Amino acid sequence: GAGVSQSPSNKVTEKGKDVELRCDPISGHTALYWYRQRLGQGLEFLIYFQGNSAPDKSGLPSDRFSAERTGESVSTLTIQRTQQEDSAVYLCASSLAGVAGQPQHFGDGTRLSIL
Amino acid sequence: AQKITQTQPGMFVQEKEAVTLDCTYDTSDPSYGLFWYKQPSSGEMIFLIYQGSYDQQNATEGRYSLNFQKARKSANLVISASQLGDSAMYFCAMREGGGAQKLVFGQGTRLTINP
């Protein structure tokens, strides 16, 4: 498959535990984005990676959230000491950089439920 | 202030009719892009259409067209000859600046096509 791949597709965990979400972007896409979508809401930007530039972390809601990306490949989003308000679908997207009009291609998301 | 406003939480349309989904935006950046995505109940985000701020003509993609009124800061999506499969959430999103940047999403409009 040539699309954005996210794992796991579903994650249920207890409040206070750490979780790690994975995103495998489309090959050749230098830009990678994480968004959060709460039930019935639009998408909220979390963080953005572009090549070797410093990531744009302006959307991370607290210091419990962090993300890494290895080169132009896999990214992991980590949420420490999870809270119930972290329950949401976490969506990853990738795109070509430097080309106007290039859409972001989304994965199917990870549905995170905090008990 | 909301950067993207979608004022229609829900729309109900008869099959084969045309439907217009409203989107207004707010930016002071002269270079920006506007995107529409469809999210069926299965959850995936499907890119529909793009309009750049410097584009002279309204974008069209098959049954989708974008009614871009720059002075009014509106970018309404028009779906012609609606089909039952068009039932979904529709999100308007804006990218500020050129190149690959984060998207800011509206709250979405739930479109239901009735047979």
# chains A, B, ... in the order shown; residues from 1 in each chain; ligands from 1
>>> residues_around(residues="stretch 47-57 of chain A", least_positions_apart="2", cutoff="9 Å", atoms="only C-alpha atoms", output="compact mmCIF listing (two decimals) with C-alpha atoms, in the first residue's frame")
# COMPACT_ATOMS: atom_id res chain seq x y z
CA THR A 30 9.13 15.22 3.33
CA ALA A 31 6.38 16.88 5.37
CA LEU A 32 4.60 15.02 8.15
CA TYR A 33 1.80 16.29 10.40
CA TRP A 34 -0.06 15.10 13.48
CA TYR A 35 -3.62 16.19 14.22
CA PHE A 45 -3.05 20.65 14.60
CA GLY A 59 -0.09 22.86 18.56
CA LEU A 60 1.03 20.49 21.29
CA SER A 66 5.99 14.91 22.30
CA ALA A 67 6.83 13.59 18.86
CA GLU A 68 9.87 12.45 16.97
CA ARG A 69 10.64 11.74 13.37
CA GLY A 71 14.80 11.49 8.89
CA GLU A 72 12.00 11.53 6.35
CA ALA A 97 6.86 20.02 0.31
CA ALA B 100 3.94 22.81 3.14
CA GLN B 101 2.34 24.21 6.25
CA LYS B 102 -0.14 23.04 8.83
>>> residues_around(residues="stretch 74-79 of chain B", least_positions_apart="4", cutoff="9 Å", atoms="only C-alpha atoms", output="list in words")
Glu17, Ala18, Val19, Thr20, Leu21, Asp22, Cys23, Thr24, Tyr25, Leu34, Phe35, Trp36, Ile49, Gln51, Arg63, Tyr64, Ser65, Leu66, Asn67, Phe68, Gln69, Lys70, Asp86 and Cys92 of chain B
>>> interface_residues(of="chain B", to="chain A", cutoff="10 Å", atoms="only C-alpha atoms", output="PyMOL selection string")
chain B and resi 32-37+42-52+89-93+95+97-110
>>> residues_around(residues="stretch 5-17 of chain A", least_positions_apart="5", cutoff="8 Å", atoms="only C-alpha atoms", output="list in words")
Arg22, Cys23, Asp24, Pro25, Gln80, Arg81, Thr82, Gln83, Gln84, Cys92, Gly107, Asp108, Gly109, Thr110, Arg111, Leu112, Ser113, Ile114 and Leu115 of chain A
>>> atom_distance(atom1="atom CA of B:Phe12", atom2="atom CA of B:Ser87")
9.2 Å
>>> atom_distance(atom1="atom CA of B:Gln83", atom2="atom CA of B:Gln6")
21.7 Å
>>> select_by_dssp(residues="stretch 74-103 of chain B", states="strand (DSSP E)", output="number ranges by chain")
B: 74-79, 88-96
>>> write_last_selection(atoms="N, CA and C atoms", output="JSON list (two decimals), in the first residue's frame")
[["chain", "number", "residue", "atom", "x", "y", "z"],
["B", 74, "SER", "N", -14.58, 33.97, 1.23],
["B", 74, "SER", "CA", -15.39, 32.75, 1.29],
["B", 74, "SER", "C", -14.93, 31.76, 0.24],
["B", 75, "ALA", "N", -15.08, 30.49, 0.55],
["B", 75, "ALA", "CA", -14.63, 29.41, -0.33],
["B", 75, "ALA", "C", -15.64, 28.27, -0.21],
["B", 76, "ASN", "N", -16.79, 28.47, -0.79],
["B", 76, "ASN", "CA", -17.87, 27.50, -0.65],
["B", 76, "ASN", "C", -17.69, 26.32, -1.60],
["B", 77, "LEU", "N", -17.99, 25.14, -1.12],
["B", 77, "LEU", "CA", -17.91, 23.92, -1.93],
["B", 77, "LEU", "C", -19.27, 23.66, -2.55],
["B", 78, "VAL", "N", -19.29, 23.43, -3.84],
["B", 78, "VAL", "CA", -20.52, 23.09, -4.54],
["B", 78, "VAL", "C", -20.40, 21.66, -5.05],
["B", 79, "ILE", "N", -21.37, 20.84, -4.69],
["B", 79, "ILE", "CA", -21.44, 19.46, -5.19],
["B", 79, "ILE", "C", -22.64, 19.39, -6.12],
["B", 88, "ALA", "N", -21.67, 12.48, 4.32],
["B", 88, "ALA", "CA", -20.41, 12.48, 5.07],
["B", 88, "ALA", "C", -20.25, 13.81, 5.79],
["B", 89, "MET", "N", -19.18, 13.91, 6.59],
["B", 89, "MET", "CA", -18.75, 15.20, 7.13],
["B", 89, "MET", "C", -17.83, 15.85, 6.10],
["B", 90, "TYR", "N", -17.96, 17.16, 5.96],
["B", 90, "TYR", "CA", -17.13, 17.91, 5.04],
["B", 90, "TYR", "C", -16.41, 19.01, 5.81],
["B", 91, "PHE", "N", -15.09, 19.04, 5.63],
["B", 91, "PHE", "CA", -14.27, 20.01, 6.34],
["B", 91, "PHE", "C", -13.58, 20.95, 5.36],
["B", 92, "CYS", "N", -13.65, 22.22, 5.68],
["B", 92, "CYS", "CA", -12.90, 23.25, 4.99],
["B", 92, "CYS", "C", -11.63, 23.51, 5.79],
["B", 93, "ALA", "N", -10.51, 23.71, 5.12],
["B", 93, "ALA", "CA", -9.25, 23.93, 5.82],
["B", 93, "ALA", "C", -8.42, 24.96, 5.08],
["B", 94, "MET", "N", -7.58, 25.65, 5.82],
["B", 94, "MET", "CA", -6.73, 26.69, 5.23],
["B", 94, "MET", "C", -5.27, 26.46, 5.60],
["B", 95, "ARG", "N", -4.42, 26.68, 4.64],
["B", 95, "ARG", "CA", -2.99, 26.70, 4.86],
["B", 95, "ARG", "C", -2.53, 28.14, 4.65],
["B", 96, "GLU", "N", -1.84, 28.71, 5.63],
["B", 96, "GLU", "CA", -1.33, 30.06, 5.49],
["B", 96, "GLU", "C", 0.11, 30.02, 5.04]]
